[in-house]
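*Asks:* Pasting in a structure now, in structure tokens, and then I'll have a few things to ask.
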Amino acid sequence: MRVLSKKNIITLLLIVAVFAVVQVLISVKIINSFYEITLATICINIILAVSLNLVTGFTGQFSLGHAGFMSIGAYVCALISMNTDSTLGFIFGILAGAVAAAIVGVIIGIPTLRLKGDYLAIATLGMAEIIRVLFLNMEITNGAAGLSGIPRNTNWTWLFIFLMATIILINNFIRSSHGRACISIREDEIAAESMGVNTTKYKVMAFALGAFFAGIAGGLYASYFYFIKPNVFGFMKSVDVLVIVVLGGLGSISGSVIAAILLAVLTTFLQQFTEIRMIIYALLLVAIMLFRPQGLLGTKEITDMFKSNKNTEKIE
């Protein structure tokens with residue numbers, strides 16, 4: 001396989017173009033501080049959604065504890081950044097938070113991932129609440145008052161770098177033999193076991209990898225908004241991420257990206273309708289689930305759709 005293939009070169013040019021255009025718009029103040037917050041939220045939500053999609057969409061494990069891993073990354077990064085106050089400390093804080101989240105993911109995943117369906121969802125929800133309550137009662141995290149004065153090192157450049165790294169790494173994992181093993185577990189766990197797939201190993205691997213990138217999202221959140229408290233990472237945060245994954249399509253990275261952007265834009269637009277904002281938001285989601293229950297892209301990627309169109313043209 002050629003690294004510098006035509007497809008890879010075009011993809012790289014598109015990535016550079018997107019970064020450059022947004023950077024210029026920020027520089028000339030077309031994207032003001034309000035829209036910068038929306039942009040940061042989109043990037044963080046994409047990282048969370050893509051990492052949760054690995055667990056729920058590609059491996060078929062219904063998890064409601066993603067906010068717990070996000071909180072670990074946020075607090076670890078915040079504490080390290082507050083004691084170093086440098087770019088190097090910021091990068092180390094994000095990576096340390098991601099590793100801490102992954103370790104907790106492995107510790108929790110080994111016993112809980114033996115459960116299935118609703119039981120697994122309840123177990124992961126309980127895990128996230130335990131993490132939140134621990135942060136709520138620890139002195140080092142300043143309890144319910146939260147941490148403030150966190151150095152703001154996160155900007156569009158760092159958001160874009162970590163966003164692209166997340167998408168590329170998870171996409172490569174899914175296309176590897178490990179990723180195919182995870183997909184086989186989603187399709188039929190009993191059949192996967194009969195073919196020699198160590199289902200517990202791969203479920204824990206996907207869970208830990210998802211937790212790792214959730215920790216990165218948490219570190220970026222803490223460094224951008226420079227204030228965190230335990231209630232930010234409650235049950236509703238996990239539900240918000242799950243909504244993005246389901247809306248975009250279980251098993252579609254492109255779907256998660258598109259859904260995160262659409263919901264952020266929709267939320268921003270509906271802010272002017274404060275009294276009926278949540279009603280409109282809920283009705284739109286219900287309508288989408290009624291008429292498109294598999295999500296916007298289902299299990300397909302945007303690149304797959306282009307391939308199918310080319311094949312159709314050749315047949316004609």
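Quick note on naming: the chains in the structure tokens go A, B, ... in the order shown, residues restart at 1 in each chain, and ligands are numbered from 1 in order of appearance.
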Can I get the residues of range 201-291 of chain A within 8 Å of range 150-165 of chain A, each with the closest pair of atoms and their distance in Å to one decimal, using only C-alpha atoms, sorted chain first then ascending number, as CSV?

*Replies:*
residue,atom,partner,partner_atom,distance
A:Ile216,CA,A:Phe162,CA,7.9
A:Leu220,CA,A:Thr154,CA,6.2
A:Ala222,CA,A:Ile150,CA,7.2
A:Ser223,CA,A:Arg152,CA,4.9
A:Tyr224,CA,A:Thr154,CA,5.0
A:Phe225,CA,A:Arg152,CA,7.2
A:Tyr226,CA,A:Ile150,CA,4.4
A:Phe227,CA,A:Ile150,CA,6.4

*Asks:* I need the chosen residues saved as a PDB file, in the first residue's frame, with C-alpha atoms.

*Replies:*
ATOM      1  CA  ILE A 216      -7.893  13.661  25.941  1.00  0.00           C
ATOM      2  CA  LEU A 220      -8.816  19.869  26.262  1.00  0.00           C
ATOM      3  CA  ALA A 222     -10.332  21.797  31.207  1.00  0.00           C
ATOM      4  CA  SER A 223      -7.588  23.753  29.460  1.00  0.00           C
ATOM      5  CA  TYR A 224      -9.985  25.672  27.207  1.00  0.00           C
ATOM      6  CA  PHE A 225     -12.715  26.615  29.662  1.00  0.00           C
ATOM      7  CA  TYR A 226     -10.218  27.020  32.591  1.00  0.00           C
ATOM      8  CA  PHE A 227     -12.874  25.979  35.141  1.00  0.00           C
TER       9      PHE A 227
END

*Asks:* Which residues are close to Ala101 in chain A, i.e. within 7 Å by only C-alpha atoms, leaving aside same-chain residues fewer than 3 positions away? Reply as a count of residues only.

*Replies:* 10

*Asks:* Which is closest to Phe269 in chain A among A:Thr84, A:Leu290, A:Ala144, A:Tyr281, if we use only C-alpha atoms?

*Replies:*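 Among A:Thr84, A:Leu290, A:Ala144, A:Tyr281, it is A:Tyr281 that comes nearest to Phe269 in chain A.
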
*Asks:* Could you pull out the alpha helix (DSSP H) residues of range 75-197 of chain A, going by DSSP on the backbone, and write them as a PyMOL selection string?

*Replies:* chain A and resi 75-84+87-112+117-137+156-175+177-187+189-194

*Asks:* Report the distance between CA of Gly149 in chain A and CA of Tyr35 in chain A in Å, rounded to one decimal place.

*Replies:*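 These two atoms are separated by 22.2 Å.
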
*Asks:* A:Ile131, A:Leu247, A:Asn83, A:Lys201: which is nearest Pro111 in chain A, counting only C-alpha atoms?

*Replies:*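 Between A:Ile131, A:Leu247, A:Asn83, A:Lys201, the residue approaching Pro111 in chain A most closely is A:Lys201.
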
*Asks:* Applying 10 Å and only C-alpha atoms, which residues near Gln61 in chain A remain after dropping the ones on its own chain fewer than 2 positions away? List them as JSON, numbers by chain.

*Replies:* {"A": [52, 53, 54, 55, 56, 57, 58, 59, 63, 64, 113, 115, 116, 117, 118, 120, 121, 182, 185, 186, 203, 206, 207]}

*Asks:* Could you tell me which of A:Val76, A:Ala287, A:Leu250, A:Leu263 comes closest to Thr38 in chain A if we count only C-alpha atoms?

*Replies:*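 Of the candidates, the smallest distance to Thr38 in chain A is held by A:Leu263.
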
*Asks:* Which distance in Å separates CA of Leu147 in chain A and CA of Pro230 in chain A, to one decimal?

*Replies:*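 So the answer is 9.5 Å.
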
*Asks:* Within 9 Å of Gly249 in chain A, counting only C-alpha atoms, which residues show up once you throw out same-chain ones fewer than 2 positions away? Write them as a ChimeraX atom specification, please.

*Replies:* /A:53,57,244-247,251-256,259,293-300

*Asks:* DSSP on the backbone, strand (DSSP E) only: what residues of range 88-298 of chain A does that give? Format it as a PDB file with C-alpha atoms, in the first residue's frame.

*Replies:*
ATOM      1  CA  LEU A 147     -10.985  23.995  40.077  1.00  0.00           C
ATOM      2  CA  SER A 148     -10.580  27.495  38.657  1.00  0.00           C
ATOM      3  CA  PHE A 227     -12.874  25.979  35.141  1.00  0.00           C
ATOM      4  CA  ILE A 228     -14.224  22.536  35.945  1.00  0.00           C
TER       5      ILE A 228
END

*Asks:* Fewer than 5 positions away in the same chain doesn't count, so skip those; otherwise give me all residues within 12 Å of Arg132 in chain A, counting only C-alpha atoms, as a PDB file with C-alpha atoms, in the first residue's frame.

*Replies:*
ATOM      1  CA  GLY A  65     -19.926   6.061  31.574  1.00  0.00           C
ATOM      2  CA  HIS A  66     -17.995   8.137  29.060  1.00  0.00           C
ATOM      3  CA  ALA A  67     -18.322  11.323  31.103  1.00  0.00           C
ATOM      4  CA  GLY A  68     -16.474   9.581  33.941  1.00  0.00           C
ATOM      5  CA  PHE A  69     -13.393   9.014  31.776  1.00  0.00           C
ATOM      6  CA  MET A  70     -13.655  12.573  30.498  1.00  0.00           C
ATOM      7  CA  SER A  71     -13.623  13.869  34.076  1.00  0.00           C
ATOM      8  CA  ILE A  72     -10.463  11.884  34.900  1.00  0.00           C
ATOM      9  CA  ALA A  74      -9.937  16.892  32.842  1.00  0.00           C
ATOM     10  CA  TYR A  75      -8.865  16.814  36.497  1.00  0.00           C
ATOM     11  CA  LEU A 125     -23.388   4.497  34.623  1.00  0.00           C
ATOM     12  CA  GLY A 126     -22.682   3.495  38.231  1.00  0.00           C
ATOM     13  CA  MET A 127     -18.948   3.671  37.527  1.00  0.00           C
ATOM     14  CA  ASN A 137     -15.338  14.750  48.007  1.00  0.00           C
ATOM     15  CA  MET A 138     -11.583  15.009  47.367  1.00  0.00           C
ATOM     16  CA  THR A 141     -10.017  18.598  43.392  1.00  0.00           C
ATOM     17  CA  GLY A 143     -14.762  19.324  46.008  1.00  0.00           C
ATOM     18  CA  ALA A 144     -18.024  20.793  44.745  1.00  0.00           C
ATOM     19  CA  GLY A 146     -14.313  22.811  41.443  1.00  0.00           C
ATOM     20  CA  ILE A 228     -14.224  22.536  35.945  1.00  0.00           C
ATOM     21  CA  LYS A 229     -16.455  21.040  38.604  1.00  0.00           C
ATOM     22  CA  PRO A 230     -17.806  17.492  39.107  1.00  0.00           C
ATOM     23  CA  ASN A 231     -21.373  18.314  38.013  1.00  0.00           C
ATOM     24  CA  VAL A 232     -20.131  19.158  34.501  1.00  0.00           C
ATOM     25  CA  PHE A 233     -19.359  15.455  34.033  1.00  0.00           C
ATOM     26  CA  GLY A 234     -22.675  14.065  35.228  1.00  0.00           C
ATOM     27  CA  PHE A 235     -25.075  11.580  33.672  1.00  0.00           C
ATOM     28  CA  LYS A 237     -22.959  14.572  29.613  1.00  0.00           C
TER      29      LYS A 237
END
